[in-house]
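What follows is the content of final-v9.cif, which has mmCIF, C-alpha atoms:
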data_structure
#
loop_
_atom_site.label_atom_id
_atom_site.label_comp_id
_atom_site.auth_asym_id
_atom_site.auth_seq_id
_atom_site.Cartn_x
_atom_site.Cartn_y
_atom_site.Cartn_z
CA MET A 1 85.30 18.61 -29.27
CA THR A 2 83.59 15.37 -30.36
CA VAL A 3 80.04 14.82 -29.13
CA ASP A 4 78.73 11.27 -28.72
CA PRO A 5 75.22 11.28 -30.24
CA ASP A 6 74.22 8.38 -28.01
CA ALA A 7 75.40 9.97 -24.76
CA PRO A 8 72.76 10.80 -22.10
CA THR A 9 71.19 14.24 -22.51
CA PRO A 10 68.27 16.01 -20.82
CA ARG A 11 66.27 15.41 -24.01
CA ARG A 12 67.07 11.69 -23.91
CA GLU A 13 66.09 11.55 -20.23
CA ARG A 14 62.74 13.20 -21.04
CA ARG A 15 62.22 10.67 -23.83
CA THR A 16 63.00 7.81 -21.44
CA ALA A 17 60.48 9.12 -18.91
CA ARG A 18 57.83 9.44 -21.61
CA LEU A 19 58.31 5.82 -22.70
CA ALA A 20 57.08 4.52 -19.33
CA ALA A 21 55.59 7.50 -17.55
CA THR A 22 53.72 5.02 -15.35
CA PRO A 23 54.64 1.40 -14.61
CA PRO A 24 53.67 -0.81 -17.58
CA MET A 25 50.76 -3.25 -17.20
CA GLY A 26 50.20 -6.29 -19.39
CA TRP A 27 50.37 -10.02 -20.03
CA ASN A 28 53.45 -12.24 -20.51
CA SER A 29 53.51 -15.83 -21.76
CA TRP A 30 56.17 -17.17 -19.38
CA ASP A 31 54.21 -18.43 -16.35
CA CYS A 32 51.70 -20.37 -18.43
CA PHE A 33 53.66 -21.46 -21.50
CA GLY A 34 57.37 -21.14 -20.70
CA THR A 35 59.29 -21.52 -23.97
CA THR A 36 56.36 -22.97 -25.95
CA VAL A 37 53.73 -20.29 -26.60
CA THR A 38 52.07 -20.25 -30.04
CA GLU A 39 50.56 -17.51 -32.17
CA ASP A 40 47.01 -18.69 -31.49
CA GLU A 41 47.65 -18.62 -27.74
CA VAL A 42 49.11 -15.11 -27.89
CA LEU A 43 46.06 -13.87 -29.80
CA ALA A 44 43.65 -15.65 -27.43
CA ASN A 45 45.23 -13.93 -24.44
CA ALA A 46 45.36 -10.60 -26.25
CA THR A 47 41.63 -10.88 -26.92
CA VAL A 48 40.81 -11.36 -23.23
CA LEU A 49 43.21 -8.57 -22.31
CA ARG A 50 41.40 -6.25 -24.71
CA ASP A 51 37.90 -7.28 -23.68
CA ARG A 52 38.31 -7.60 -19.91
CA LEU A 53 41.40 -5.72 -18.77
CA LEU A 54 42.30 -2.94 -21.23
CA PRO A 55 39.74 -0.57 -19.64
CA ALA A 56 41.59 -1.09 -16.33
CA GLY A 57 44.98 -0.15 -17.83
CA TRP A 58 46.39 -3.51 -19.01
CA ASP A 59 47.67 -2.81 -22.52
CA THR A 60 50.85 -4.82 -23.31
CA VAL A 61 51.24 -8.37 -24.71
CA VAL A 62 54.70 -9.97 -24.38
CA VAL A 63 55.96 -13.14 -26.08
CA ASP A 64 58.59 -14.55 -23.75
CA ILE A 65 61.68 -16.68 -24.35
CA ALA A 66 62.60 -19.05 -27.22
CA TRP A 67 60.02 -17.97 -29.81
CA TYR A 68 62.68 -18.92 -32.39
CA ASP A 69 62.91 -22.59 -31.26
CA PRO A 70 60.65 -24.91 -33.30
CA THR A 71 61.34 -27.77 -30.86
CA ALA A 72 60.54 -25.88 -27.65
CA ARG A 73 59.11 -28.00 -24.84
CA ALA A 74 57.83 -27.67 -21.30
CA HIS A 75 60.19 -27.96 -18.30
CA GLY A 76 63.46 -26.67 -19.68
CA TYR A 77 65.59 -25.55 -22.60
CA ASN A 78 66.97 -27.53 -25.55
CA ASP A 79 70.73 -27.87 -26.02
CA GLY A 80 71.68 -27.52 -29.67
CA ALA A 81 68.16 -26.56 -30.72
CA PRO A 82 67.66 -25.85 -34.47
CA LEU A 83 66.94 -22.16 -33.90
CA VAL A 84 65.30 -20.30 -36.77
CA LEU A 85 67.74 -17.60 -37.92
CA ASP A 86 67.92 -15.32 -40.92
CA ASP A 87 70.98 -15.03 -43.16
CA HIS A 88 72.57 -12.60 -40.69
CA GLY A 89 72.11 -14.73 -37.57
CA ARG A 90 69.10 -12.85 -36.23
CA GLN A 91 66.32 -14.87 -34.61
CA LEU A 92 63.06 -15.38 -36.51
CA PRO A 93 59.77 -16.70 -35.07
CA ALA A 94 59.46 -20.45 -35.56
CA PRO A 95 56.81 -20.77 -38.30
CA ASN A 96 55.43 -24.03 -36.89
CA ARG A 97 54.41 -21.99 -33.82
CA PHE A 98 53.85 -18.60 -35.49
CA PRO A 99 52.44 -19.32 -38.97
CA SER A 100 52.09 -15.65 -39.90
CA ALA A 101 55.89 -15.33 -39.65
CA ALA A 102 56.44 -17.57 -42.68
CA GLY A 103 58.33 -16.20 -45.66
CA GLY A 104 60.49 -13.89 -43.55
CA ALA A 105 57.58 -11.78 -42.29
CA GLY A 106 58.82 -12.12 -38.72
CA PHE A 107 56.57 -10.79 -36.00
CA ALA A 108 55.19 -7.97 -38.16
CA PRO A 109 51.82 -9.70 -38.81
CA LEU A 110 51.33 -10.69 -35.15
CA ALA A 111 52.38 -7.24 -33.94
CA GLY A 112 49.91 -5.73 -36.40
CA ALA A 113 47.11 -7.93 -35.08
CA VAL A 114 47.91 -6.96 -31.48
CA HIS A 115 48.12 -3.28 -32.41
CA GLY A 116 44.74 -3.65 -34.11
CA MET A 117 43.28 -4.56 -30.71
CA GLY A 118 44.56 -1.30 -29.24
CA LEU A 119 47.41 -3.08 -27.44
CA ARG A 120 51.20 -2.91 -27.43
CA PHE A 121 53.42 -5.80 -28.54
CA GLY A 122 56.56 -7.07 -26.81
CA VAL A 123 59.13 -9.85 -27.16
CA HIS A 124 61.93 -11.44 -25.15
CA LEU A 125 65.60 -11.73 -26.12
CA MET A 126 68.65 -13.30 -24.54
CA ARG A 127 71.83 -11.27 -24.13
CA GLY A 128 74.46 -11.90 -26.81
CA ILE A 129 74.45 -13.71 -30.14
CA PRO A 130 73.07 -17.19 -31.05
CA ARG A 131 75.55 -20.06 -30.77
CA LEU A 132 74.19 -21.37 -34.07
CA ALA A 133 75.04 -18.09 -35.81
CA VAL A 134 78.59 -18.43 -34.49
CA GLU A 135 78.85 -22.06 -35.60
CA ARG A 136 77.69 -21.07 -39.09
CA ASP A 137 79.84 -17.92 -39.00
CA LEU A 138 77.00 -15.86 -40.42
CA PRO A 139 77.73 -12.28 -41.57
CA ILE A 140 76.59 -9.33 -39.48
CA LEU A 141 74.26 -7.12 -41.48
CA GLY A 142 75.89 -4.06 -43.06
CA THR A 143 79.44 -4.98 -42.04
CA THR A 144 82.41 -7.03 -43.19
CA TRP A 145 82.42 -8.91 -39.86
CA SER A 146 80.89 -12.24 -38.96
CA ALA A 147 79.39 -13.78 -35.85
CA ARG A 148 82.69 -15.46 -34.96
CA ASP A 149 84.48 -12.12 -35.04
CA VAL A 150 82.31 -10.69 -32.26
CA ALA A 151 81.47 -13.78 -30.19
CA ALA A 152 82.72 -14.18 -26.62
CA PRO A 153 82.11 -17.90 -25.92
CA ASP A 154 83.45 -17.67 -22.37
CA ASP A 155 80.76 -15.11 -21.53
CA ALA A 156 77.75 -17.37 -22.06
CA CYS A 157 74.59 -17.51 -19.96
CA ALA A 158 74.80 -20.01 -17.10
CA TRP A 159 71.21 -21.27 -17.45
CA ASN A 160 70.21 -20.96 -21.11
CA PRO A 161 72.15 -22.57 -23.99
CA ASP A 162 70.90 -20.47 -26.92
CA ASN A 163 73.45 -17.63 -26.95
CA VAL A 164 77.01 -16.68 -26.15
CA GLY A 165 78.19 -13.21 -25.18
CA VAL A 166 79.68 -10.60 -27.50
CA ASP A 167 83.09 -8.92 -27.28
CA HIS A 168 82.38 -5.23 -26.74
CA ASP A 169 85.96 -4.32 -27.56
CA HIS A 170 85.12 -5.29 -31.15
CA PRO A 171 83.05 -2.71 -33.10
CA GLY A 172 81.02 -5.52 -34.60
CA ALA A 173 79.37 -6.15 -31.22
CA GLN A 174 77.41 -2.89 -31.42
CA ALA A 175 76.71 -3.54 -35.10
CA TRP A 176 75.19 -6.89 -34.11
CA TYR A 177 72.84 -5.31 -31.58
CA ASP A 178 71.97 -2.50 -34.00
CA ALA A 179 70.96 -5.03 -36.67
CA LEU A 180 69.07 -7.22 -34.20
CA ILE A 181 67.10 -4.41 -32.55
CA GLY A 182 66.57 -2.71 -35.90
CA GLN A 183 64.76 -5.80 -37.15
CA LEU A 184 62.51 -5.87 -34.07
CA ALA A 185 61.71 -2.21 -34.55
CA GLY A 186 60.80 -2.90 -38.16
CA TRP A 187 58.35 -5.56 -37.01
CA GLY A 188 56.60 -3.05 -34.74
CA VAL A 189 57.88 -4.19 -31.34
CA ASP A 190 56.97 -1.76 -28.53
CA PHE A 191 58.41 -3.59 -25.52
CA LEU A 192 61.68 -5.53 -25.24
CA LYS A 193 62.56 -7.81 -22.33
CA VAL A 194 66.26 -8.70 -22.42
CA ASP A 195 67.42 -11.53 -20.18
CA ASP A 196 70.72 -12.50 -18.56
CA MET A 197 71.59 -8.83 -18.10
CA LEU A 198 71.65 -8.20 -14.35
CA ALA A 199 72.99 -11.30 -12.58
CA PRO A 200 75.86 -10.71 -13.04
CA TYR A 201 75.48 -7.09 -14.11
CA HIS A 202 76.46 -6.70 -17.77
CA ASP A 203 76.84 -2.94 -18.02
CA ARG A 204 78.23 -2.90 -21.56
CA ASP A 205 75.40 -5.05 -22.91
CA VAL A 206 72.87 -2.79 -21.19
CA GLU A 207 74.45 0.22 -22.87
CA ALA A 208 74.70 -1.49 -26.26
CA VAL A 209 71.04 -2.55 -26.30
CA ALA A 210 69.88 0.90 -25.20
CA ARG A 211 72.05 2.50 -27.89
CA ALA A 212 70.62 0.13 -30.51
CA ILE A 213 67.06 1.03 -29.50
CA THR A 214 67.85 4.73 -29.88
CA ARG A 215 69.41 4.12 -33.29
CA SER A 216 66.40 2.07 -34.41
CA GLY A 217 64.24 5.19 -34.39
CA ARG A 218 61.36 3.40 -32.63
CA GLU A 219 60.23 4.06 -29.08
CA ILE A 220 60.68 0.71 -27.33
CA VAL A 221 60.39 0.15 -23.58
CA LEU A 222 63.45 -1.77 -22.33
CA SER A 223 62.98 -4.27 -19.48
CA LEU A 224 66.03 -6.03 -17.96
CA SER A 225 66.11 -9.43 -16.21
CA PRO A 226 66.68 -11.28 -13.93
CA GLY A 227 67.31 -9.28 -10.76
CA THR A 228 68.99 -11.76 -8.44
CA HIS A 229 70.67 -9.76 -5.64
CA LEU A 230 70.40 -6.56 -7.71
CA SER A 231 72.05 -3.69 -5.87
CA THR A 232 70.78 -0.11 -5.77
CA THR A 233 74.38 0.86 -6.57
CA HIS A 234 73.40 0.35 -10.22
CA LEU A 235 70.45 2.76 -10.02
CA GLY A 236 72.00 5.63 -11.99
CA HIS A 237 73.13 3.35 -14.80
CA LEU A 238 69.75 1.60 -14.93
CA ARG A 239 67.82 4.87 -15.10
CA GLU A 240 70.09 6.10 -17.87
CA HIS A 241 69.53 3.11 -20.13
CA ALA A 242 66.32 1.20 -19.27
CA GLN A 243 62.74 1.72 -18.17
CA MET A 244 62.28 -1.48 -16.11
CA TRP A 245 64.63 -3.73 -14.18
CA ARG A 246 63.89 -6.84 -12.19
CA ILE A 247 64.78 -6.90 -8.50
CA SER A 248 64.52 -10.66 -7.91
CA ASP A 249 64.88 -14.04 -9.51
CA ASP A 250 61.74 -15.64 -11.01
CA LEU A 251 58.72 -15.42 -8.73
CA TRP A 252 56.25 -18.30 -8.56
CA ASP A 253 52.94 -19.03 -6.84
CA ARG A 254 54.40 -19.59 -3.38
CA TRP A 255 53.75 -17.45 -0.31
CA GLU A 256 57.47 -17.36 0.53
CA ASP A 257 58.16 -15.74 -2.87
CA VAL A 258 55.56 -13.04 -2.27
CA HIS A 259 56.71 -12.47 1.31
CA ALA A 260 60.32 -11.93 0.18
CA GLN A 261 59.20 -9.05 -2.05
CA LEU A 262 58.05 -7.04 0.97
CA ALA A 263 61.67 -6.27 1.84
CA ARG A 264 62.81 -5.82 -1.76
CA LEU A 265 60.09 -3.36 -2.66
CA ALA A 266 60.61 -1.46 0.58
CA ARG A 267 64.26 -0.99 -0.48
CA TRP A 268 63.44 0.10 -4.05
CA ALA A 269 60.20 2.09 -3.60
CA PRO A 270 61.91 5.39 -2.70
CA TYR A 271 63.71 5.32 -6.08
CA GLN A 272 60.68 4.77 -8.33
CA ARG A 273 60.04 7.55 -10.83
CA PRO A 274 58.61 8.05 -14.33
CA GLY A 275 60.72 6.21 -16.89
CA GLY A 276 62.54 4.03 -14.36
CA TRP A 277 60.73 1.25 -12.51
CA ALA A 278 62.03 -1.49 -10.21
CA ASP A 279 60.13 -4.63 -11.23
CA ALA A 280 59.08 -7.20 -8.61
CA ASP A 281 58.44 -9.74 -11.41
CA MET A 282 55.41 -11.27 -13.01
CA LEU A 283 52.12 -12.04 -11.31
CA PRO A 284 51.63 -15.86 -11.17
CA LEU A 285 47.85 -15.53 -11.11
CA GLY A 286 45.12 -17.43 -12.92
CA ARG A 287 45.76 -20.58 -14.96
CA ILE A 288 49.54 -21.15 -14.99
CA GLY A 289 51.93 -24.01 -15.69
CA VAL A 290 50.08 -25.04 -18.86
CA ARG A 291 53.36 -25.90 -20.58
CA ALA A 292 55.64 -24.03 -18.25
CA GLU A 293 59.32 -24.21 -17.47
CA ARG A 294 58.34 -25.03 -13.89
CA GLY A 295 55.38 -26.96 -12.48
CA GLU A 296 52.41 -28.84 -13.88
CA PRO A 297 49.21 -27.23 -15.22
CA ARG A 298 47.37 -25.64 -12.31
CA ASP A 299 45.47 -22.66 -11.04
CA SER A 300 47.67 -20.36 -8.98
CA ARG A 301 48.41 -21.90 -5.59
CA LEU A 302 48.23 -18.50 -3.92
CA THR A 303 45.11 -18.12 -1.79
CA PRO A 304 42.67 -15.31 -2.63
CA ASP A 305 44.08 -13.32 0.28
CA GLU A 306 47.66 -13.89 -0.89
CA GLN A 307 46.66 -12.78 -4.39
CA ARG A 308 45.26 -9.51 -3.03
CA THR A 309 48.43 -9.08 -0.97
CA LEU A 310 50.59 -9.56 -4.07
CA LEU A 311 48.63 -7.06 -6.17
CA THR A 312 48.43 -4.48 -3.39
CA LEU A 313 52.14 -4.72 -2.60
CA TRP A 314 53.18 -4.42 -6.25
CA VAL A 315 50.95 -1.35 -6.70
CA MET A 316 51.97 0.36 -3.47
CA GLY A 317 55.61 -0.27 -4.46
CA ARG A 318 54.83 0.96 -8.01
CA SER A 319 56.16 -2.17 -9.66
CA PRO A 320 55.15 -2.92 -13.24
CA LEU A 321 52.31 -5.45 -13.47
CA MET A 322 52.69 -8.37 -15.90
CA VAL A 323 50.18 -11.14 -15.32
CA GLY A 324 51.37 -14.63 -16.25
CA GLY A 325 48.18 -16.71 -16.33
CA HIS A 326 46.47 -18.11 -19.43
CA LEU A 327 43.62 -15.61 -19.45
CA PRO A 328 41.05 -17.64 -21.46
CA GLU A 329 41.17 -20.34 -18.75
CA THR A 330 41.47 -17.98 -15.78
CA HIS A 331 38.53 -17.80 -13.35
CA ASP A 332 36.35 -14.71 -13.35
CA ALA A 333 37.25 -14.08 -9.71
CA THR A 334 40.90 -13.56 -10.67
CA LEU A 335 40.01 -11.44 -13.70
CA ASP A 336 37.84 -9.30 -11.42
CA LEU A 337 40.81 -8.75 -9.11
CA LEU A 338 42.94 -7.65 -12.09
CA ALA A 339 40.17 -5.37 -13.34
CA ASN A 340 39.95 -3.46 -10.05
CA PRO A 341 40.31 0.19 -11.17
CA ALA A 342 42.21 1.03 -7.99
CA LEU A 343 45.26 -0.83 -9.34
CA ALA A 344 45.86 1.51 -12.26
CA THR A 345 44.77 4.58 -10.28
CA VAL A 346 47.23 4.08 -7.44
CA LEU A 347 49.97 2.84 -9.78
CA ALA A 348 49.69 5.98 -11.90
CA ARG A 349 48.85 8.69 -9.37
CA SER A 350 50.65 7.77 -6.16
CA THR A 351 53.72 9.50 -4.77
CA GLU A 352 55.82 9.15 -1.61
CA ASN A 353 55.21 5.38 -1.66
CA ARG A 354 56.96 3.73 1.26
CA GLU A 355 56.84 1.19 4.05
CA ILE A 356 56.24 3.01 7.34
CA VAL A 357 55.84 0.12 9.79
CA ARG A 358 57.37 -3.36 10.03
CA GLU A 359 56.93 -4.94 13.44
CA PRO A 360 56.97 -8.55 14.67
CA VAL A 361 53.70 -9.44 16.37
CA ASP A 362 53.72 -12.91 17.94
CA ASP A 363 53.84 -15.33 14.99
CA GLY A 364 53.83 -12.78 12.16
CA GLU A 365 54.67 -9.27 11.04
CA LEU A 366 52.55 -6.15 10.82
CA VAL A 367 53.67 -4.26 7.72
CA VAL A 368 52.14 -0.91 6.74
CA TRP A 369 52.63 0.97 3.49
CA THR A 370 51.40 4.45 2.62
CA ALA A 371 51.31 6.65 -0.46
CA ALA A 372 49.93 10.06 -1.33
CA ALA A 373 47.88 11.11 -4.33
CA GLY A 374 49.99 13.42 -6.42
CA ASP A 375 46.97 15.56 -7.29
CA GLY A 376 44.85 15.67 -4.14
CA ASP A 377 44.47 15.05 -0.41
CA THR A 378 43.88 11.31 -0.65
CA ARG A 379 46.22 8.98 1.22
CA TRP A 380 46.43 5.30 0.41
CA VAL A 381 47.33 2.83 3.14
CA ALA A 382 47.86 -0.93 3.05
CA VAL A 383 47.95 -3.00 6.23
CA PHE A 384 49.64 -6.37 5.63
CA TRP A 385 49.67 -9.32 8.04
CA THR A 386 52.11 -12.20 7.45
CA GLY A 387 50.99 -14.51 10.25
CA PRO A 388 49.34 -17.95 9.86
CA THR A 389 45.91 -16.97 11.24
CA GLU A 390 43.73 -13.86 10.98
CA ARG A 391 44.55 -11.00 13.32
CA ARG A 392 42.99 -7.78 14.55
CA LEU A 393 45.45 -4.93 14.06
CA THR A 394 45.34 -1.24 14.96
CA VAL A 395 47.26 1.49 13.14
CA PRO A 396 46.98 5.04 14.59
CA LEU A 397 45.77 7.54 12.03
CA ALA A 398 48.60 9.88 13.02
CA SER A 399 51.08 7.24 11.85
CA VAL A 400 49.59 7.42 8.37
CA VAL A 401 48.68 11.07 7.76
CA GLY A 402 50.73 12.85 10.43
CA ALA A 403 49.80 14.13 13.86
CA VAL A 404 48.42 17.49 12.73
CA ALA A 405 46.25 16.13 9.91
CA ALA A 406 44.98 13.35 12.18
CA ARG A 407 43.23 15.92 14.39
CA GLY A 408 40.60 16.38 11.70
CA PRO A 409 37.96 13.90 10.56
CA TRP A 410 38.91 11.29 7.96
CA SER A 411 37.04 8.56 6.11
CA ALA A 412 38.32 5.22 4.79
CA THR A 413 37.18 3.45 1.61
CA ASP A 414 38.09 -0.25 1.28
CA LEU A 415 39.70 -0.66 -2.16
CA TRP A 416 39.07 -4.43 -2.30
CA SER A 417 35.34 -4.17 -1.62
CA ASP A 418 32.42 -2.13 -2.86
CA GLY A 419 31.54 -0.72 0.54
CA GLU A 420 30.75 2.88 1.38
CA PRO A 421 33.38 5.11 3.04
CA GLU A 422 33.53 4.76 6.82
CA ARG A 423 34.46 7.49 9.27
CA LEU A 424 37.67 6.86 11.20
CA ASP A 425 37.94 7.39 14.93
CA GLY A 426 41.65 8.08 15.40
CA ALA A 427 42.88 4.75 14.03
CA LEU A 428 42.49 2.02 11.48
CA ASP A 429 41.16 -0.92 13.49
CA VAL A 430 41.01 -3.87 11.09
CA VAL A 431 40.84 -7.64 10.96
CA VAL A 432 43.37 -8.99 8.45
CA ALA A 433 43.38 -12.53 7.10
CA SER A 434 46.41 -14.79 7.21
CA HIS A 435 48.93 -13.57 4.60
CA GLY A 436 46.37 -10.91 3.82
CA VAL A 437 45.97 -7.18 3.42
CA ARG A 438 43.46 -4.41 4.05
CA TRP A 439 43.80 -1.61 1.52
CA PHE A 440 42.17 1.79 1.92
CA ALA A 441 41.85 5.22 0.41
CA LEU A 442 41.80 7.80 3.19
CA ASP A 443 40.19 11.17 2.56
CA PRO A 444 39.51 14.20 4.75
CA ALA A 445 35.86 13.84 5.75
#
Translate the structure of the given file into structure tokens.
Amino acid sequence: MTVDPDAPTPRRERRTARLAATPPMGWNSWDCFGTTVTEDEVLANATVLRDRLLPAGWDTVVVDIAWYDPTARAHGYNDGAPLVLDDHGRQLPAPNRFPSAAGGAGFAPLAGAVHGMGLRFGVHLMRGIPRLAVERDLPILGTTWSARDVAAPDDACAWNPDNVGVDHDHPGAQAWYDALIGQLAGWGVDFLKVDDMLAPYHDRDVEAVARAITRSGREIVLSLSPGTHLSTTHLGHLREHAQMWRISDDLWDRWEDVHAQLARLARWAPYQRPGGWADADMLPLGRIGVRAERGEPRDSRLTPDEQRTLLTLWVMGRSPLMVGGHLPETHDATLDLLANPALATVLARSTENREIVREPVDDGELVVWTAAAGDGDTRWVAVFWTGPTERRLTVPLASVVGAVAARGPWSATDLWSDGEPERLDGALDVVVASHGVRWFALDPA
């Protein structure tokens, strides 16, 4: 009997759970810089992350798309860009944007600097193989095959011109991914976001990238994007091969984008577990659009109440948290929201997270989420209101903690304020702002 060394095993599943035992928290360059981020900007954001947010659990720095394009620009992608590739077709950081990468050093110096801050380092990749490597017919490392041998030009990404797909019926396709991921591992990459994987669902690429990570010998968290119309039918396959997967297209600083995630997270929350996290996408908070793919430079257009709603919903749904703003130019008020210790506490400790109420009320919806502390009697509850003006709402305590438990005394601590716990009298009776939330820790009094 032949045993596939890369096949799923209980040991591999334990390793996968250990890689992302709780939903990852960090910063990503996409919302502020799109394809154009530079080494100095990565380090500037890493410094703020270390100084202001690392104590609250934010520990990952991710360089998003097109770090290998020396001609990258705001508001789109470049057809026929002169991508920086090595002799085997693998992408290298553009040295005009990442000076420490010169001489073939790759991201090793930048990863080392980020690690020196006590943070983790991540990068973005597109599915497949660079078009330029195929045009040049560059050899695949360690094989007798070339890029043209494994390319599948008819399987290219619909929205990004950099890559074409690979033919998984050719053994060189896995060799390509092994060489590509092996180089990233050698640089010290801890987190890998791979795009154009889920819409449509490219199961063989998912498997090939996961296999290459295992063969690299380095523990790397795998995040898959985008999640347009992602079905829970894929859950078993996703859990087997990745630690994060997007459940929507790109999310921007619009209330309608945040509102749409209420339904998506309600669908996915029951399936969240260590090592496998449905991802509601990045947090467009702070200073965004600096040189972005979409929009002009601006502070997030979400109101303060909508920002608290976004953060509370993501945490109650146990989505990973990746903030997209340029942190050095982000207002202290936003940084204070991100530094709220309740975010990491609930994200890490909560269980049984679910939506328990969704009811139309005149011109809006009352939406209630609850979660339990895995190691105590605490219950967390979030009361969301989607209407255009503030509203007084009442949620019976029995609806949150159960009829029997509600017979005893309980207290509520507001997690978005510094107030003292207040005794409850049979119900949560709260005033909620337009598009806002009230978020509480409930404890037996």
### Task
Tell me which protein, DNA and RNA residues are within 12 Å of Ala101 (chain A), counting all atoms listed in the file, leaving out same-chain ones fewer than 2 positions away, and put them as a PyMOL selection string.
chain A and resi 38-39+67-68+84+91-99+103-112+187
### Message
Measuring between all atoms listed in the file, which one of A:Ser225, A:Gln174, A:Thr143, A:Thr386 shows the shortest distance to Asp205 (chain A)?
### Response
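For Asp205 (chain A), the nearest of the given residues is A:Gln174.
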### Task
Tell me, in Å to one decimal, how far CA of Ala74 (chain A) is from CA of Met282 (chain A).
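If I compute the distance from CA of Ala74 (chain A) to CA of Met282 (chain A), I get 18.5 Å.
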### Message
Which residues are close to Gly34 (chain A), i.e. within 8 Å by all atoms listed in the file, leaving aside same-chain residues fewer than 4 positions away? Reply as a PyMOL selection string.
### Response
chain A and resi 29-30+64-65+74-75+289+291-294
Around all listed atoms of region 225-238 of chain A, padded 5 Å per side, what centre and edge lengths does the axis-aligned box have in Å to one decimal, as AutoDock Vina command-line options?
--center_x 70.2 --center_y -3.1 --center_z -10.9 --size_x 18.3 --size_y 27.4 --size_z 20.6
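Across A:Leu311, A:Leu53, A:Val221, A:Leu428, the tightest approach to Leu327 (chain A) is made by A:Leu53 when counting only C-alpha atoms.
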Spatial neighbours of region 392-398 of chain A, 10 Å, all atoms listed in the file, chain gap at least 5 places, as a short mmCIF file (atom, residue, chain, number, x, y, z; two decimals) with C-alpha atoms, in the coordinates of the input:
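Output contents, as saved in around_23.cif:
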data_model
loop_
_atom_site.label_atom_id
_atom_site.label_comp_id
_atom_site.auth_asym_id
_atom_site.auth_seq_id
_atom_site.Cartn_x
_atom_site.Cartn_y
_atom_site.Cartn_z
CA VAL A 357 55.84 0.12 9.79
CA VAL A 361 53.70 -9.44 16.37
CA LEU A 366 52.55 -6.15 10.82
CA VAL A 368 52.14 -0.91 6.74
CA VAL A 383 47.95 -3.00 6.23
CA PHE A 384 49.64 -6.37 5.63
CA TRP A 385 49.67 -9.32 8.04
CA ALA A 403 49.80 14.13 13.86
CA VAL A 404 48.42 17.49 12.73
CA ALA A 405 46.25 16.13 9.91
CA ALA A 406 44.98 13.35 12.18
CA ARG A 407 43.23 15.92 14.39
CA TRP A 410 38.91 11.29 7.96
CA LEU A 424 37.67 6.86 11.20
CA ASP A 425 37.94 7.39 14.93
CA GLY A 426 41.65 8.08 15.40
CA ALA A 427 42.88 4.75 14.03
CA LEU A 428 42.49 2.02 11.48
CA ASP A 429 41.16 -0.92 13.49
CA VAL A 430 41.01 -3.87 11.09
CA VAL A 431 40.84 -7.64 10.96
CA VAL A 432 43.37 -8.99 8.45
CA ALA A 433 43.38 -12.53 7.10
CA LEU A 442 41.80 7.80 3.19
#
### Message
Calculated over only C-alpha atoms, which of the candidates A:Val150, A:Ala210, A:Ala373, A:Ala158 has the smallest distance to Gly172 (chain A)?
### Response
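The answer is A:Val150, which sits nearest to Gly172 (chain A).
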### Task
Rounded to one decimal place, report the CA of Arg131 (chain A)-CA of Ala81 (chain A) distance in Å.
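One can read the CA of Arg131 (chain A) to CA of Ala81 (chain A) distance as 9.8 Å.
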### Task
Find the residues with any atom within 12 Å of (62.9, 6.0, -4.8); use only C-alpha atoms and the coordinates as given in the file, and write the answer as an NGL selection string.
:A and (232 or 235-236 or 239 or 265-274 or 276-278 or 317-319 or 351-355)
### Task
Determine the residue set returned by the PyMOL selection byres ((chain A and resi 411) around 9) for the present structure, and present it as a PyMOL selection string.
chain A and resi 409-410+412-413+421-425+441-445
Output of the above residues as a CSV table (one decimal), in the coordinates of the input, restricted to C-alpha atoms:
chain,number,residue,atom,x,y,z
A,409,PRO,CA,38.0,13.9,10.6
A,410,TRP,CA,38.9,11.3,8.0
A,412,ALA,CA,38.3,5.2,4.8
A,413,THR,CA,37.2,3.4,1.6
A,421,PRO,CA,33.4,5.1,3.0
A,422,GLU,CA,33.5,4.8,6.8
A,423,ARG,CA,34.5,7.5,9.3
A,424,LEU,CA,37.7,6.9,11.2
A,425,ASP,CA,37.9,7.4,14.9
A,441,ALA,CA,41.8,5.2,0.4
A,442,LEU,CA,41.8,7.8,3.2
A,443,ASP,CA,40.2,11.2,2.6
A,444,PRO,CA,39.5,14.2,4.8
A,445,ALA,CA,35.9,13.8,5.8
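Atom to atom, CA of Val37 (chain A) and CA of Ala113 (chain A) stand 16.4 Å apart.
Residues matched by the PyMOL selection byres ((chain A and resi 153) around 9) in this file are Arg131, Ala151, Ala152, Asp154, Asp155, Ala156, Asn163, Val164, Gly165 and Val166 of chain A.
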Please identify all polymer residues within 10 Å of Ile213 (chain A), counting only C-alpha atoms, omitting same-chain residues fewer than 3 positions from it, and present them as a tab-separated table (two decimals) with C-alpha atoms, in the coordinates of the input.
chain	number	residue	atom	x	y	z
A	177	TYR	CA	72.84	-5.31	-31.58
A	178	ASP	CA	71.97	-2.50	-34.00
A	180	LEU	CA	69.07	-7.22	-34.20
A	181	ILE	CA	67.10	-4.41	-32.55
A	182	GLY	CA	66.57	-2.71	-35.90
A	184	LEU	CA	62.51	-5.87	-34.07
A	185	ALA	CA	61.71	-2.21	-34.55
A	192	LEU	CA	61.68	-5.53	-25.24
A	207	GLU	CA	74.45	0.22	-22.87
A	208	ALA	CA	74.70	-1.49	-26.26
A	209	VAL	CA	71.04	-2.55	-26.30
A	210	ALA	CA	69.88	0.90	-25.20
A	216	SER	CA	66.40	2.07	-34.41
A	217	GLY	CA	64.24	5.19	-34.39
A	218	ARG	CA	61.36	3.40	-32.63
A	219	GLU	CA	60.23	4.06	-29.08
A	220	ILE	CA	60.68	0.71	-27.33
A	221	VAL	CA	60.39	0.15	-23.58
A	222	LEU	CA	63.45	-1.77	-22.33
A	241	HIS	CA	69.53	3.11	-20.13
